[in-house]
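K.L.:
Below: one structure in structure tokens.
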Amino acid sequence: TLFCESLFKIFDKGYYEALFVNSWRPRNMGEKNQDWTTGKGESTRVMLNTDMCLVFDIEEHVERKIPCCSRTNIHYPNGQNQCIDQEAARSRCPMYSRSDSRRTATEAVQDMLGGSISSKNNAPFYIAFAKAWRKATTVGQDNLSPLVKRC
């Protein structure tokens, strides 16, 4: 999938959708700056380990330096696996089991999807963001004034 830069300026649940719909593979495996990437050429995107572990149980793969790919069943029109890295494409990154305490993070991400990946329902994301923003910006203060709009 090619991405348009203007899509990254839209404030919506797209981050959460990206965790599920893209084929994420490790980059710089075993190094301090190890992260995850998807796409190819100039249309690559990046997620950190902390992003990926919201949904995927990548701990053992990262510690043992064994690459995995979040979705091994997606291909480009030319037949190339979207994992691109052939070694990562051989192992799908596992998701948390229902009994894993970290599964609650995955459930929270699924809640942000607003019912499904393809839905236009951003309400759960907007509501959660508003609550978090209020907590982060008020830090217990109750006498703050609203910002003044200037254009």
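Every chain in the structure tokens takes a letter, A first, then B, and so on in the order presented; its residues are numbered from 1, and the ligands are numbered from 1 following the presented order.
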Extract the full set of helix (DSSP H, G or I) residues from chain A according to DSSP on the backbone, and format it as a count of residues only.
P.N.:
55
K.L.:
Which residues are close to Asp57 of chain A, i.e. within 7 Å by only C-alpha atoms, leaving aside same-chain residues fewer than 5 positions away? Reply as a PyMOL selection string.
P.N.:
chain A and resi 93-96
K.L.:
Out of A:Ile84, A:Leu19, A:Val62, A:Ile74, which residue has the shortest atom-to-atom distance to Lys40 of chain A when counting only C-alpha atoms?
P.N.:
A:Ile84
K.L.:
Can you list, as a ChimeraX atom specification, every protein, DNA or RNA residue that comes within 10 Å of Phe56 of chain A when you count only C-alpha atoms, leaving out same-chain residues fewer than 2 positions away?
P.N.:
/A:19-20,49-54,58-59,69-70,92-97,102-103,105-106
K.L.:
Looking only at strand (DSSP E) from DSSP on the backbone, list the matching residues of segment 13-125 of chain A as a list in words.
P.N.:
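Taking segment 13-125 of chain A and keeping strand (DSSP E) gives Arg25, Pro26, Arg27, Asp35, Trp36, Thr37, Thr38, Arg45, Val46 and Met47 of chain A.
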K.L.:
Could those residues be written to a file, using N, CA and C atoms, as an mmCIF file, in the first residue's frame?
P.N.:
```cif
data_model
loop_
_atom_site.group_PDB
_atom_site.id
_atom_site.type_symbol
_atom_site.label_atom_id
_atom_site.label_comp_id
_atom_site.auth_asym_id
_atom_site.auth_seq_id
_atom_site.Cartn_x
_atom_site.Cartn_y
_atom_site.Cartn_z
ATOM 1 N N ARG A 25 7.831 -5.499 10.068
ATOM 2 C CA ARG A 25 9.007 -6.352 10.201
ATOM 3 C C ARG A 25 10.078 -5.583 10.978
ATOM 4 N N PRO A 26 10.959 -6.291 11.694
ATOM 5 C CA PRO A 26 11.989 -5.589 12.465
ATOM 6 C C PRO A 26 13.036 -4.963 11.555
ATOM 7 N N ARG A 27 13.560 -3.871 12.029
ATOM 8 C CA ARG A 27 14.648 -3.171 11.345
ATOM 9 C C ARG A 27 15.753 -2.967 12.378
ATOM 10 N N ASP A 35 13.765 -1.130 15.582
ATOM 11 C CA ASP A 35 12.364 -0.735 15.512
ATOM 12 C C ASP A 35 11.690 -1.594 14.452
ATOM 13 N N TRP A 36 10.510 -1.183 14.009
ATOM 14 C CA TRP A 36 9.727 -1.963 13.041
ATOM 15 C C TRP A 36 9.359 -1.076 11.876
ATOM 16 N N THR A 37 9.336 -1.667 10.697
ATOM 17 C CA THR A 37 9.004 -0.881 9.507
ATOM 18 C C THR A 37 8.042 -1.668 8.621
ATOM 19 N N THR A 38 7.367 -0.946 7.766
ATOM 20 C CA THR A 38 6.458 -1.552 6.802
ATOM 21 C C THR A 38 6.565 -0.758 5.510
ATOM 22 N N ARG A 45 7.093 3.166 6.763
ATOM 23 C CA ARG A 45 6.616 3.755 8.014
ATOM 24 C C ARG A 45 7.318 3.043 9.163
ATOM 25 N N VAL A 46 7.262 3.623 10.359
ATOM 26 C CA VAL A 46 7.990 3.078 11.496
ATOM 27 C C VAL A 46 7.094 2.946 12.722
ATOM 28 N N MET A 47 7.290 1.873 13.469
ATOM 29 C CA MET A 47 6.697 1.673 14.794
ATOM 30 C C MET A 47 7.842 1.262 15.724
#
```
K.L.:
Nearest residue to Glu107 of chain A out of A:Val55, A:Ala123, A:Cys83, A:Ile66, using only C-alpha atoms?
P.N.:
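Of all the options, A:Val55 lies closest to Glu107 of chain A.
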K.L.:
Smallest atom-to-atom distance to Ala128 of chain A: which of A:Arg71, A:Ser116, A:Val109, A:Asp142, using only C-alpha atoms?
P.N.:
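Among the listed residues, the smallest separation from Ala128 of chain A belongs to A:Val109.
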K.L.:
Point out the residue among A:Ala136, A:Cys68, A:Leu48, A:Val21 with the least atom-to-atom distance to Ala89 of chain A, counting only C-alpha atoms.
P.N.:
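So, comparing all the options, the nearest one is A:Cys68.
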K.L.:
Work out how far apart atom CA of Asn121 of chain A and atom CA of Ser23 of chain A are and give it in Å to one decimal.
P.N.:
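Computing it gives 23.3 Å between the two atoms.
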K.L.:
Restricting the calculation to only C-alpha atoms: of A:Lys65, A:Lys13, A:Lys135, A:Lys149, which residue gets closest to Glu87 of chain A?
P.N.:
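For Glu87 of chain A, the nearest of the candidates is A:Lys65.
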K.L.:
I'd like the interatomic distance between atom CA of Trp24 of chain A and atom CA of Tyr126 of chain A, to a tenth of an Å.
P.N.:
25.3 Å
K.L.:
Counting only C-alpha atoms, which of A:Arg64, A:Asn22, A:Ser118, A:Ala108 gets nearest to Gln82 of chain A?
P.N.:
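So, comparing all the options, the nearest one is A:Asn22.
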K.L.:
One decimal, Å: what's the distance from atom CA of Ser99 of chain A over to atom CA of Glu60 of chain A, could you say?
P.N.:
17.4 Å
